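**Student:** Next comes data.txt, compact mmCIF, C-alpha atoms:
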# COMPACT_ATOMS: atom_id res chain seq x y z
CA VAL M 1 54.65 83.35 14.33
CA ASN M 2 51.12 82.66 13.18
CA GLY M 3 47.67 83.34 14.55
CA THR M 4 46.32 84.68 17.79
CA ALA M 5 48.57 84.57 20.83
CA LEU M 6 47.98 81.51 22.99
CA TYR M 7 47.62 81.61 26.79
CA LEU M 8 47.92 78.77 29.28
CA GLU M 9 44.15 78.17 29.11
CA ASP M 10 44.38 77.62 25.34
CA LEU M 11 46.87 74.75 25.55
CA VAL M 12 45.21 71.35 25.93
CA PRO M 13 46.84 67.94 26.29
CA GLY M 14 46.78 66.12 22.97
CA ALA M 15 46.72 69.26 20.83
CA GLU M 16 49.27 69.28 18.01
CA TYR M 17 51.04 72.17 16.33
CA THR M 18 53.09 72.21 13.15
CA ALA M 19 55.62 74.60 11.65
CA PRO M 20 57.12 75.56 8.30
CA GLN M 21 59.65 73.01 7.09
CA TRP M 22 63.39 73.67 7.38
CA PRO M 23 65.88 72.74 4.63
CA VAL M 24 69.29 71.54 5.84
CA ALA M 25 72.02 73.06 3.66
CA GLU M 26 75.48 71.49 3.65
CA ALA M 27 77.08 74.91 4.11
CA ASP M 28 75.01 75.47 7.25
CA VAL M 29 75.91 72.04 8.67
CA ILE M 30 79.62 72.79 8.18
CA ARG M 31 79.40 76.38 9.46
CA PHE M 32 77.57 75.34 12.65
CA GLY M 33 80.01 72.47 13.12
CA GLN M 34 83.05 74.69 12.72
CA GLU M 35 81.80 77.07 15.40
CA PHE M 36 80.32 74.69 17.97
CA ASP M 37 81.14 71.04 17.16
CA PRO M 38 84.24 70.83 14.94
CA GLN M 39 84.43 67.05 14.71
CA PRO M 40 85.27 65.47 11.32
CA PHE M 41 81.79 64.01 10.78
CA HIS M 42 80.27 67.51 11.05
CA VAL M 43 82.78 69.61 9.09
CA ASP M 44 84.74 67.50 6.57
CA ALA M 45 82.88 65.45 3.97
CA ALA M 46 85.85 63.21 3.09
CA ALA M 47 86.70 62.45 6.73
CA ALA M 48 83.01 62.02 7.53
CA ALA M 49 82.72 59.29 4.89
CA GLN M 50 85.33 57.28 6.85
CA SER M 51 83.63 57.87 10.23
CA LEU M 52 80.89 55.88 11.89
CA PHE M 53 78.38 58.34 10.38
CA GLY M 54 79.40 57.33 6.84
CA GLY M 55 79.07 60.92 5.65
CA LEU M 56 78.45 64.46 6.83
CA ALA M 57 75.83 64.74 9.56
CA ALA M 58 74.49 67.77 11.40
CA SER M 59 75.55 68.23 15.01
CA GLY M 60 72.75 67.24 17.37
CA TRP M 61 72.92 70.79 18.74
CA HIS M 62 72.37 72.13 15.24
CA THR M 63 69.36 69.86 14.87
CA SER M 64 68.02 71.06 18.23
CA ALA M 65 68.54 74.67 17.17
CA MET M 66 66.74 74.02 13.88
CA MET M 67 63.81 72.57 15.83
CA MET M 68 63.68 75.77 17.88
CA GLY M 69 63.91 77.77 14.66
CA MET M 70 60.85 75.96 13.34
CA ALA M 71 59.00 76.29 16.67
CA THR M 72 59.47 80.06 16.80
CA ARG M 73 57.92 80.32 13.31
CA SER M 74 55.09 77.89 14.05
CA GLU M 75 51.41 77.88 15.04
CA LEU M 76 52.51 77.56 18.69
CA ASN M 77 52.34 81.33 19.19
CA ILE M 78 52.58 81.57 22.99
CA VAL M 79 51.83 85.03 24.39
CA ASN M 80 55.08 85.48 26.30
CA GLY M 81 57.15 83.52 23.80
CA ILE M 82 58.52 79.99 23.80
CA ILE M 83 60.43 79.99 27.08
CA GLY M 84 61.98 76.66 27.92
CA LEU M 85 62.57 75.73 31.55
CA GLY M 86 64.29 72.51 30.63
CA VAL M 87 64.27 69.48 28.39
CA GLU M 88 64.03 65.75 29.09
CA ALA M 89 64.73 62.78 26.87
CA LEU M 90 66.55 64.58 24.08
CA ARG M 91 67.70 61.96 21.57
CA PHE M 92 68.82 61.67 17.97
CA PRO M 93 67.71 58.30 16.58
CA ARG M 94 68.90 59.01 13.03
CA ALA M 95 71.51 61.27 11.42
CA VAL M 96 70.43 64.56 9.85
CA ARG M 97 72.09 64.89 6.45
CA PRO M 98 72.82 67.85 4.18
CA GLY M 99 69.95 68.03 1.71
CA ASP M 100 67.38 66.81 4.21
CA THR M 101 64.23 68.84 4.85
CA LEU M 102 63.05 68.75 8.44
CA ARG M 103 59.48 68.90 9.69
CA LEU M 104 58.51 69.62 13.30
CA LEU M 105 55.56 68.17 15.20
CA MET M 106 54.78 69.63 18.63
CA GLN M 107 52.29 67.92 20.91
CA ILE M 108 51.00 69.13 24.28
CA LEU M 109 51.39 66.41 26.94
CA GLU M 110 50.59 68.08 30.28
CA VAL M 111 49.43 71.51 31.47
CA ARG M 112 49.62 72.59 35.09
CA ARG M 113 49.28 75.89 36.90
CA SER M 114 52.34 77.09 38.80
CA GLY M 115 51.84 76.83 42.56
CA SER M 116 54.16 79.70 43.41
CA THR M 117 53.24 81.95 40.46
CA PRO M 118 49.50 81.48 39.73
CA SER M 119 49.68 83.86 36.75
CA HIS M 120 51.66 81.24 34.85
CA GLY M 121 51.88 77.54 34.25
CA ILE M 122 54.21 74.82 33.05
CA VAL M 123 53.42 72.99 29.83
CA LYS M 124 55.16 69.74 29.03
CA CYS M 125 55.42 68.99 25.30
CA ARG M 126 56.81 66.41 22.92
CA TRP M 127 58.70 67.86 19.99
CA GLN M 128 59.63 65.52 17.15
CA ALA M 129 61.64 66.27 14.02
CA PHE M 130 61.18 64.13 10.92
CA ASN M 131 63.12 64.11 7.66
CA GLN M 132 61.59 64.14 4.18
CA HIS M 133 61.21 60.33 4.32
CA GLY M 134 59.06 60.62 7.45
CA GLU M 135 61.84 59.16 9.61
CA LEU M 136 62.21 60.44 13.16
CA VAL M 137 65.58 62.21 13.50
CA ALA M 138 65.22 63.95 16.87
CA GLU M 139 62.86 64.00 19.80
CA MET M 140 62.68 65.91 23.07
CA LEU M 141 60.29 66.66 25.93
CA PRO M 142 60.55 70.42 26.69
CA ARG M 143 58.82 72.15 29.60
CA LEU M 144 57.58 75.63 28.70
CA TRP M 145 56.72 78.59 30.97
CA VAL M 146 53.39 80.00 29.79
CA GLN M 147 51.43 83.05 30.91
CA ALA M 148 47.77 82.49 31.88
CA ARG M 149 44.88 84.70 30.78
CA GLN M 150 43.55 84.69 34.33
CA THR M 151 45.11 83.75 37.64
CA SER M 152 43.82 80.66 39.39
CA ALA M 153 41.73 83.10 41.51
CA GLY M 154 40.06 84.41 38.35
CA GLU M 155 41.86 87.77 38.20
CA PRO M 156 43.53 89.01 35.04
CA ALA M 157 47.10 87.66 35.00
CA LYS M 158 50.02 90.03 34.64
CA GLU M 159 53.35 89.00 33.24
CA SER M 160 55.60 87.78 36.01
CA THR M 161 59.34 88.23 36.04
CA ASP M 162 59.74 85.16 38.22
CA VAL M 163 60.91 82.26 36.10
CA PRO M 164 61.27 79.05 38.07
CA ALA M 165 64.58 77.29 37.48
CA VAL X 1 91.44 68.59 21.69
CA ASN X 2 94.19 67.95 24.21
CA GLY X 3 96.24 64.96 25.26
CA THR X 4 96.18 61.28 24.45
CA ALA X 5 92.96 59.84 23.04
CA LEU X 6 90.73 58.29 25.69
CA TYR X 7 89.07 54.87 25.35
CA LEU X 8 86.19 53.44 27.32
CA GLU X 9 88.60 51.81 29.79
CA ASP X 10 90.12 55.23 30.58
CA LEU X 11 86.84 56.81 31.70
CA VAL X 12 86.14 56.29 35.39
CA PRO X 13 83.11 57.43 37.42
CA GLY X 14 83.98 60.55 39.38
CA ALA X 15 86.67 61.76 36.98
CA GLU X 16 86.37 65.41 35.99
CA TYR X 17 87.43 67.19 32.83
CA THR X 18 87.67 70.90 32.11
CA ALA X 19 87.85 72.98 28.95
CA PRO X 20 89.02 76.38 27.74
CA GLN X 21 86.60 79.15 28.75
CA TRP X 22 84.17 80.63 26.22
CA PRO X 23 83.39 84.37 26.05
CA VAL X 24 79.79 85.26 25.15
CA ALA X 25 79.77 88.18 22.71
CA GLU X 26 76.57 90.20 22.25
CA ALA X 27 76.93 89.97 18.46
CA ASP X 28 77.02 86.17 18.71
CA VAL X 29 73.95 86.05 20.98
CA ILE X 30 71.98 88.16 18.48
CA ARG X 31 73.27 86.30 15.41
CA PHE X 32 72.38 82.88 16.87
CA GLY X 33 69.02 84.23 17.99
CA GLN X 34 68.19 85.66 14.58
CA GLU X 35 68.87 82.32 12.89
CA PHE X 36 67.39 79.86 15.38
CA ASP X 37 65.44 81.63 18.15
CA PRO X 38 64.30 85.08 16.98
CA GLN X 39 62.41 86.07 20.12
CA PRO X 40 62.79 89.65 21.41
CA PHE X 41 64.78 88.67 24.52
CA HIS X 42 67.44 87.03 22.31
CA VAL X 43 67.73 89.54 19.46
CA ASP X 44 66.62 93.03 20.53
CA ALA X 45 68.25 94.71 23.54
CA ALA X 46 65.51 97.33 24.01
CA ALA X 47 62.66 94.82 23.79
CA ALA X 48 64.62 92.38 25.97
CA ALA X 49 64.83 94.99 28.74
CA GLN X 50 61.01 94.97 28.87
CA SER X 51 60.74 91.16 28.85
CA LEU X 52 60.81 88.76 31.76
CA PHE X 53 64.56 88.34 31.14
CA GLY X 54 65.16 92.03 31.89
CA GLY X 55 67.78 92.24 29.14
CA LEU X 56 69.36 90.28 26.33
CA ALA X 57 69.93 86.61 27.12
CA ALA X 58 71.43 83.82 25.03
CA SER X 59 69.05 81.19 23.66
CA GLY X 60 69.30 77.97 25.67
CA TRP X 61 70.23 76.25 22.42
CA HIS X 62 73.08 78.70 21.96
CA THR X 63 74.25 77.94 25.50
CA SER X 64 74.04 74.20 24.78
CA ALA X 65 76.02 74.70 21.57
CA MET X 66 78.67 76.71 23.43
CA MET X 67 78.97 73.86 25.96
CA MET X 68 79.59 71.47 23.06
CA GLY X 69 82.09 73.96 21.64
CA MET X 70 84.01 73.88 24.90
CA ALA X 71 83.75 70.08 25.19
CA THR X 72 85.23 69.51 21.72
CA ARG X 73 88.23 71.65 22.70
CA SER X 74 88.63 70.07 26.15
CA GLU X 75 90.66 67.42 27.94
CA LEU X 76 87.85 64.92 27.21
CA ASN X 77 89.56 63.72 24.03
CA ILE X 78 87.56 60.57 23.26
CA VAL X 79 89.08 58.36 20.55
CA ASN X 80 86.05 58.27 18.27
CA GLY X 81 84.92 61.79 19.16
CA ILE X 82 82.21 63.12 21.45
CA ILE X 83 79.20 61.29 20.08
CA GLY X 84 76.02 61.97 22.01
CA LEU X 85 73.28 59.34 22.07
CA GLY X 86 70.96 61.58 24.02
CA VAL X 87 70.63 64.03 26.87
CA GLU X 88 68.57 63.98 30.07
CA ALA X 89 67.78 66.78 32.49
CA LEU X 90 68.84 69.71 30.34
CA ARG X 91 68.03 72.88 32.25
CA PHE X 92 68.96 76.55 32.35
CA PRO X 93 68.79 77.82 35.95
CA ARG X 94 70.14 81.29 35.15
CA ALA X 95 70.27 83.53 32.08
CA VAL X 96 73.47 83.71 30.03
CA ARG X 97 74.24 87.36 29.28
CA PRO X 98 76.36 89.11 26.66
CA GLY X 99 79.72 89.74 28.27
CA ASP X 100 79.63 86.56 30.34
CA THR X 101 82.49 84.10 30.17
CA LEU X 102 81.42 80.46 30.44
CA ARG X 103 83.34 77.62 32.02
CA LEU X 104 82.51 73.93 31.49
CA LEU X 105 82.88 71.12 34.01
CA MET X 106 82.38 67.56 32.78
CA GLN X 107 82.07 64.71 35.24
CA ILE X 108 81.84 60.98 34.48
CA LEU X 109 78.86 59.43 36.27
CA GLU X 110 78.49 55.89 34.87
CA VAL X 111 80.39 53.67 32.44
CA ARG X 112 78.93 50.49 30.99
CA ARG X 113 79.84 48.17 28.16
CA SER X 114 77.34 47.85 25.34
CA GLY X 115 75.60 44.47 25.37
CA SER X 116 74.98 44.36 21.64
CA THR X 117 78.26 46.00 20.55
CA PRO X 118 81.02 44.85 22.94
CA SER X 119 83.61 47.03 21.20
CA HIS X 120 81.89 50.11 22.63
CA GLY X 121 80.22 51.41 25.73
CA ILE X 122 77.88 54.09 26.98
CA VAL X 123 79.20 56.77 29.31
CA LYS X 124 76.78 58.91 31.27
CA CYS X 125 78.16 62.33 32.21
CA ARG X 126 77.13 65.52 33.96
CA TRP X 127 78.06 68.68 32.10
CA GLN X 128 77.71 71.98 33.92
CA ALA X 129 78.31 75.49 32.62
CA PHE X 130 79.17 78.31 35.04
CA ASN X 131 79.48 82.02 34.43
CA GLN X 132 82.36 84.20 35.61
CA HIS X 133 80.68 84.60 39.01
CA GLY X 134 80.70 80.83 39.52
CA GLU X 135 76.92 80.65 39.07
CA LEU X 136 75.44 77.58 37.38
CA VAL X 137 73.80 78.65 34.10
CA ALA X 138 73.18 75.29 32.42
CA GLU X 139 73.32 71.62 33.24
CA MET X 140 72.71 68.41 31.32
CA LEU X 141 73.28 64.66 31.60
CA PRO X 142 74.57 63.45 28.20
CA ARG X 143 75.11 59.80 27.25
CA LEU X 144 78.18 59.30 25.06
CA TRP X 145 79.07 56.42 22.73
CA VAL X 146 82.71 55.50 23.39
CA GLN X 147 85.00 53.01 21.69
CA ALA X 148 86.79 50.49 23.93
CA ARG X 149 90.47 49.57 23.66
CA GLN X 150 89.57 45.90 23.94
CA THR X 151 86.30 44.05 23.52
CA SER X 152 84.76 42.48 26.60
CA ALA X 153 86.34 39.20 25.37
CA GLY X 154 89.80 40.82 25.49
CA GLU X 155 90.26 41.24 21.73
CA PRO X 156 91.33 44.54 20.18
CA ALA X 157 88.21 46.58 19.52
CA LYS X 158 87.52 47.92 16.04
CA GLU X 159 85.38 50.93 15.36
CA SER X 160 81.79 49.92 14.90
CA THR X 161 79.40 51.67 12.58
CA ASP X 162 76.46 50.59 14.72
CA VAL X 163 75.30 53.48 16.83
CA PRO X 164 72.46 52.58 19.15
CA ALA X 165 69.56 54.96 19.04
Go ahead and render the structure in this file as structure tokens.
**Tutor:**
Amino acid sequence: VNGTALYLEDLVPGAEYTAPQWPVAEADVIRFGQEFDPQPFHVDAAAAAQSLFGGLAASGWHTSAMMMGMATRSELNIVNGIIGLGVEALRFPRAVRPGDTLRLLMQILEVRRSGSTPSHGIVKCRWQAFNQHGELVAEMLPRLWVQARQTSAGEPAKESTDVPA
Amino acid sequence: VNGTALYLEDLVPGAEYTAPQWPVAEADVIRFGQEFDPQPFHVDAAAAAQSLFGGLAASGWHTSAMMMGMATRSELNIVNGIIGLGVEALRFPRAVRPGDTLRLLMQILEVRRSGSTPSHGIVKCRWQAFNQHGELVAEMLPRLWVQARQTSAGEPAKESTDVPA
């Protein structure tokens, strides 16, 4: 986590945030696969070579987790943390391979104050992961729950324990 | 993986598939959090008690990965594996807690033949995870890439290495 904590008022559509890169080790691909996605193309290099992936590839859930790992160590230092309400349009246009190095780009798309909880707001983002060749490997549109500096009435905002589903 | 391998022709809208349950151990919640989502509410019980989660909660990416873990050990034994093209409407309506036991329900929503690759099709599903109280904790709409038994022209289908993005 880098820099001053960001409140809802600090997040502006169009703003972009980056993160430290993330190397994809073969041992990590296989370990994640064995625990959560034990299909041949994620855990067995020889079998993966015969599969439609043509070689070992990271589980899409591993790639998603790596994106979160980068986000939590990024410039997007939100005051109450990176709390995801949900994700739209998660896709994996290209395989993530052992030996790749991933890079995360986070862009703010929309910011709106919560109607029911005026101390907070909902921020829609686009998160994209690229490999070392600049190729897009994963993309998603997360909605984050972000504390405001002031309520919509201009009073100091306190942290709310109400998280909308 | 259980039972006979399923082809595109075997997957029918409305069909439901279940999976072995998955216990959520506190050590696993913290370990996943430390690697991929090191925020206080995922890795530090004392700090989590003071957060808006009111106690340790699994990262949403951990929950998603556990859902995949259940799916790969389920009755949904697709011939070429569970290959996700993308996911819509991923959401986490309730926190997943250490000590919970998760249950996965997978429902087939839509089945359509690929236009460009008639040996395969795209199957839209609803996956829901429930805790031991029957409460919905996570939901998503994945699209899967599934091999057909026969092409749309009635010829035996061969595995294709073309995966649409």
**Student:** Give me, as a VMD selection string, the contact residues of chain X against chain M at a cut-off of 8 Å, counting only C-alpha atoms.
**Tutor:** chain X and resid 35 to 39 51 to 53 60 to 62 64 to 66 68 to 70 72 81 84 to 94 159 to 165
**Student:** Write a file of the selected residues as a compact mmCIF listing (two decimals), in the frame of the given file, keeping C-alpha atoms.
**Tutor:**
# COMPACT_ATOMS: atom_id res chain seq x y z
CA GLU X 35 68.87 82.32 12.89
CA PHE X 36 67.39 79.86 15.38
CA ASP X 37 65.44 81.63 18.15
CA PRO X 38 64.30 85.08 16.98
CA GLN X 39 62.41 86.07 20.12
CA SER X 51 60.74 91.16 28.85
CA LEU X 52 60.81 88.76 31.76
CA PHE X 53 64.56 88.34 31.14
CA GLY X 60 69.30 77.97 25.67
CA TRP X 61 70.23 76.25 22.42
CA HIS X 62 73.08 78.70 21.96
CA SER X 64 74.04 74.20 24.78
CA ALA X 65 76.02 74.70 21.57
CA MET X 66 78.67 76.71 23.43
CA MET X 68 79.59 71.47 23.06
CA GLY X 69 82.09 73.96 21.64
CA MET X 70 84.01 73.88 24.90
CA THR X 72 85.23 69.51 21.72
CA GLY X 81 84.92 61.79 19.16
CA GLY X 84 76.02 61.97 22.01
CA LEU X 85 73.28 59.34 22.07
CA GLY X 86 70.96 61.58 24.02
CA VAL X 87 70.63 64.03 26.87
CA GLU X 88 68.57 63.98 30.07
CA ALA X 89 67.78 66.78 32.49
CA LEU X 90 68.84 69.71 30.34
CA ARG X 91 68.03 72.88 32.25
CA PHE X 92 68.96 76.55 32.35
CA PRO X 93 68.79 77.82 35.95
CA ARG X 94 70.14 81.29 35.15
CA GLU X 159 85.38 50.93 15.36
CA SER X 160 81.79 49.92 14.90
CA THR X 161 79.40 51.67 12.58
CA ASP X 162 76.46 50.59 14.72
CA VAL X 163 75.30 53.48 16.83
CA PRO X 164 72.46 52.58 19.15
CA ALA X 165 69.56 54.96 19.04
**Student:** Find the axis-aligned box for region 70-87 of chain X, covering all its listed atoms and adding 8 Å on each side, and write its centre and edge lengths in Å to one decimal as JSON.
**Tutor:**
{"center_x": 80.6, "center_y": 66.1, "center_z": 23.1, "size_x": 36.0, "size_y": 31.6, "size_z": 25.7}
**Student:** Hey, what's within 6 Å of His42 (chain M) if we count only C-alpha atoms and toss same-chain stuff fewer than 5 positions away? As number ranges by chain, please?
**Tutor:** M: 33, 56-58
**Student:** Using all atoms listed in the file, which of the listed residues (M:Val79, M:Val43, M:Ala19, M:Ala157) sits closest to Leu6 (chain M)?
**Tutor:** M:Val79
**Student:** Need the shell around Asp100 (chain X): protein/DNA/RNA residues with any atom at most 8 Å away, counting only C-alpha atoms. Skip same-chain ones fewer than 6 positions apart. Format as a list in words?
**Tutor:**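 Neighbouring residues, sequence-local ones excluded: Pro23, Val24, Ala25, Asn131 and Gln132 of chain X.
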**Student:** Mind pulling up the distance from CA of Leu11 (chain M) to CA of Ala153 (chain M)?
**Tutor:**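 Taking CA of Ala153 (chain M) as the start and CA of Leu11 (chain M) as the end point, the length is 18.7 Å.
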**Student:** Given the point (52.6, 82.5, 31.0) in the file's coordinates, find the residues that have an atom at most 7 Å from it, counting all atoms listed in the file, and give them as a list in words.
**Tutor:** Tyr7, Leu8, Asn80, Ser119, His120, Gly121, Trp145, Val146, Gln147, Ala148 and Glu159 of chain M
**Student:** From the list M:His133, M:Thr151, M:Pro13, M:Arg97, which residue is nearest Ser114 (chain M) when using only C-alpha atoms?
**Tutor:**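 Once distances to Ser114 (chain M) are computed over only C-alpha atoms, the minimum belongs to M:Thr151.
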**Student:** From the options M:Pro98, M:Ser74, M:Glu16, M:Ser116, which residue's atoms come nearest to Ala45 (chain M), counting all atoms listed in the file?
**Tutor:** M:Pro98
**Student:** Using Å and a single decimal, report how far CA of Thr117 (chain M) sits from CA of Leu136 (chain X).
**Tutor:**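 Taking CA of Leu136 (chain X) and CA of Thr117 (chain M), their separation equals 22.8 Å.
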**Student:** Find the residues around Lys124 (chain X) up to 8 Å (all atoms listed in the file counted), leave out those fewer than 2 positions away in its own chain, and share them as a list in words.
**Tutor:**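 The filter keeps Ile108, Leu109, Glu110, Val111, Ile122, Arg126, Leu141, Pro142, Arg143 and Leu144 of chain X.
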**Student:** What is the CA of Gln150 (chain X) to CA of Val123 (chain X) distance in Å?
**Tutor:**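 For CA of Gln150 (chain X) relative to CA of Val123 (chain X), the distance reads 16.0 Å.
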**Student:** Reconstruct region 135-155 of chain X at the level of N, CA and C atoms, and format the result as a PDB file, in the coordinates of the input.
**Tutor:**
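What ended up in out39.pdb:
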ATOM      1  N   GLU X 135      78.330  81.044  39.012  1.00  0.00           N
ATOM      2  CA  GLU X 135      76.920  80.650  39.070  1.00  0.00           C
ATOM      3  C   GLU X 135      76.607  79.629  37.975  1.00  0.00           C
ATOM      4  N   LEU X 136      75.846  78.600  38.357  1.00  0.00           N
ATOM      5  CA  LEU X 136      75.440  77.580  37.380  1.00  0.00           C
ATOM      6  C   LEU X 136      74.437  78.191  36.400  1.00  0.00           C
ATOM      7  N   VAL X 137      74.726  78.112  35.114  1.00  0.00           N
ATOM      8  CA  VAL X 137      73.800  78.650  34.100  1.00  0.00           C
ATOM      9  C   VAL X 137      73.149  77.551  33.271  1.00  0.00           C
ATOM     10  N   ALA X 138      73.763  76.383  33.199  1.00  0.00           N
ATOM     11  CA  ALA X 138      73.180  75.290  32.420  1.00  0.00           C
ATOM     12  C   ALA X 138      73.737  73.975  32.916  1.00  0.00           C
ATOM     13  N   GLU X 139      72.909  72.955  32.808  1.00  0.00           N
ATOM     14  CA  GLU X 139      73.320  71.620  33.240  1.00  0.00           C
ATOM     15  C   GLU X 139      72.624  70.599  32.359  1.00  0.00           C
ATOM     16  N   MET X 140      73.323  69.504  32.095  1.00  0.00           N
ATOM     17  CA  MET X 140      72.710  68.410  31.320  1.00  0.00           C
ATOM     18  C   MET X 140      73.410  67.103  31.681  1.00  0.00           C
ATOM     19  N   LEU X 141      72.722  65.999  31.389  1.00  0.00           N
ATOM     20  CA  LEU X 141      73.280  64.660  31.600  1.00  0.00           C
ATOM     21  C   LEU X 141      73.349  63.959  30.240  1.00  0.00           C
ATOM     22  N   PRO X 142      74.454  64.115  29.504  1.00  0.00           N
ATOM     23  CA  PRO X 142      74.570  63.450  28.200  1.00  0.00           C
ATOM     24  C   PRO X 142      75.022  61.987  28.349  1.00  0.00           C
ATOM     25  N   ARG X 143      74.587  61.171  27.397  1.00  0.00           N
ATOM     26  CA  ARG X 143      75.110  59.800  27.250  1.00  0.00           C
ATOM     27  C   ARG X 143      75.977  59.765  26.001  1.00  0.00           C
ATOM     28  N   LEU X 144      77.239  59.328  26.178  1.00  0.00           N
ATOM     29  CA  LEU X 144      78.180  59.300  25.060  1.00  0.00           C
ATOM     30  C   LEU X 144      78.449  57.860  24.620  1.00  0.00           C
ATOM     31  N   TRP X 145      78.752  57.718  23.334  1.00  0.00           N
ATOM     32  CA  TRP X 145      79.070  56.420  22.730  1.00  0.00           C
ATOM     33  C   TRP X 145      80.583  56.365  22.557  1.00  0.00           C
ATOM     34  N   VAL X 146      81.244  55.458  23.298  1.00  0.00           N
ATOM     35  CA  VAL X 146      82.710  55.500  23.390  1.00  0.00           C
ATOM     36  C   VAL X 146      83.317  54.155  23.007  1.00  0.00           C
ATOM     37  N   GLN X 147      84.298  54.208  22.126  1.00  0.00           N
ATOM     38  CA  GLN X 147      85.000  53.010  21.690  1.00  0.00           C
ATOM     39  C   GLN X 147      85.882  52.462  22.815  1.00  0.00           C
ATOM     40  N   ALA X 148      85.916  51.136  22.952  1.00  0.00           N
ATOM     41  CA  ALA X 148      86.790  50.490  23.930  1.00  0.00           C
ATOM     42  C   ALA X 148      88.129  50.141  23.296  1.00  0.00           C
ATOM     43  N   ARG X 149      89.153  50.004  24.147  1.00  0.00           N
ATOM     44  CA  ARG X 149      90.470  49.570  23.660  1.00  0.00           C
ATOM     45  C   ARG X 149      90.409  48.084  23.326  1.00  0.00           C
ATOM     46  N   GLN X 150      89.731  47.337  24.162  1.00  0.00           N
ATOM     47  CA  GLN X 150      89.570  45.900  23.940  1.00  0.00           C
ATOM     48  C   GLN X 150      88.096  45.549  24.056  1.00  0.00           C
ATOM     49  N   THR X 151      87.671  44.533  23.335  1.00  0.00           N
ATOM     50  CA  THR X 151      86.300  44.050  23.520  1.00  0.00           C
ATOM     51  C   THR X 151      86.180  43.431  24.895  1.00  0.00           C
ATOM     52  N   SER X 152      84.961  43.125  25.301  1.00  0.00           N
ATOM     53  CA  SER X 152      84.760  42.480  26.600  1.00  0.00           C
ATOM     54  C   SER X 152      85.407  41.098  26.617  1.00  0.00           C
ATOM     55  N   ALA X 153      85.672  40.498  25.442  1.00  0.00           N
ATOM     56  CA  ALA X 153      86.340  39.200  25.370  1.00  0.00           C
ATOM     57  C   ALA X 153      87.862  39.350  25.359  1.00  0.00           C
ATOM     58  N   GLY X 154      88.365  40.596  25.415  1.00  0.00           N
ATOM     59  CA  GLY X 154      89.800  40.820  25.490  1.00  0.00           C
ATOM     60  C   GLY X 154      90.473  40.986  24.138  1.00  0.00           C
ATOM     61  N   GLU X 155      89.671  41.025  23.053  1.00  0.00           N
ATOM     62  CA  GLU X 155      90.260  41.240  21.730  1.00  0.00           C
ATOM     63  C   GLU X 155      90.329  42.727  21.420  1.00  0.00           C
TER      64      GLU X 155
END
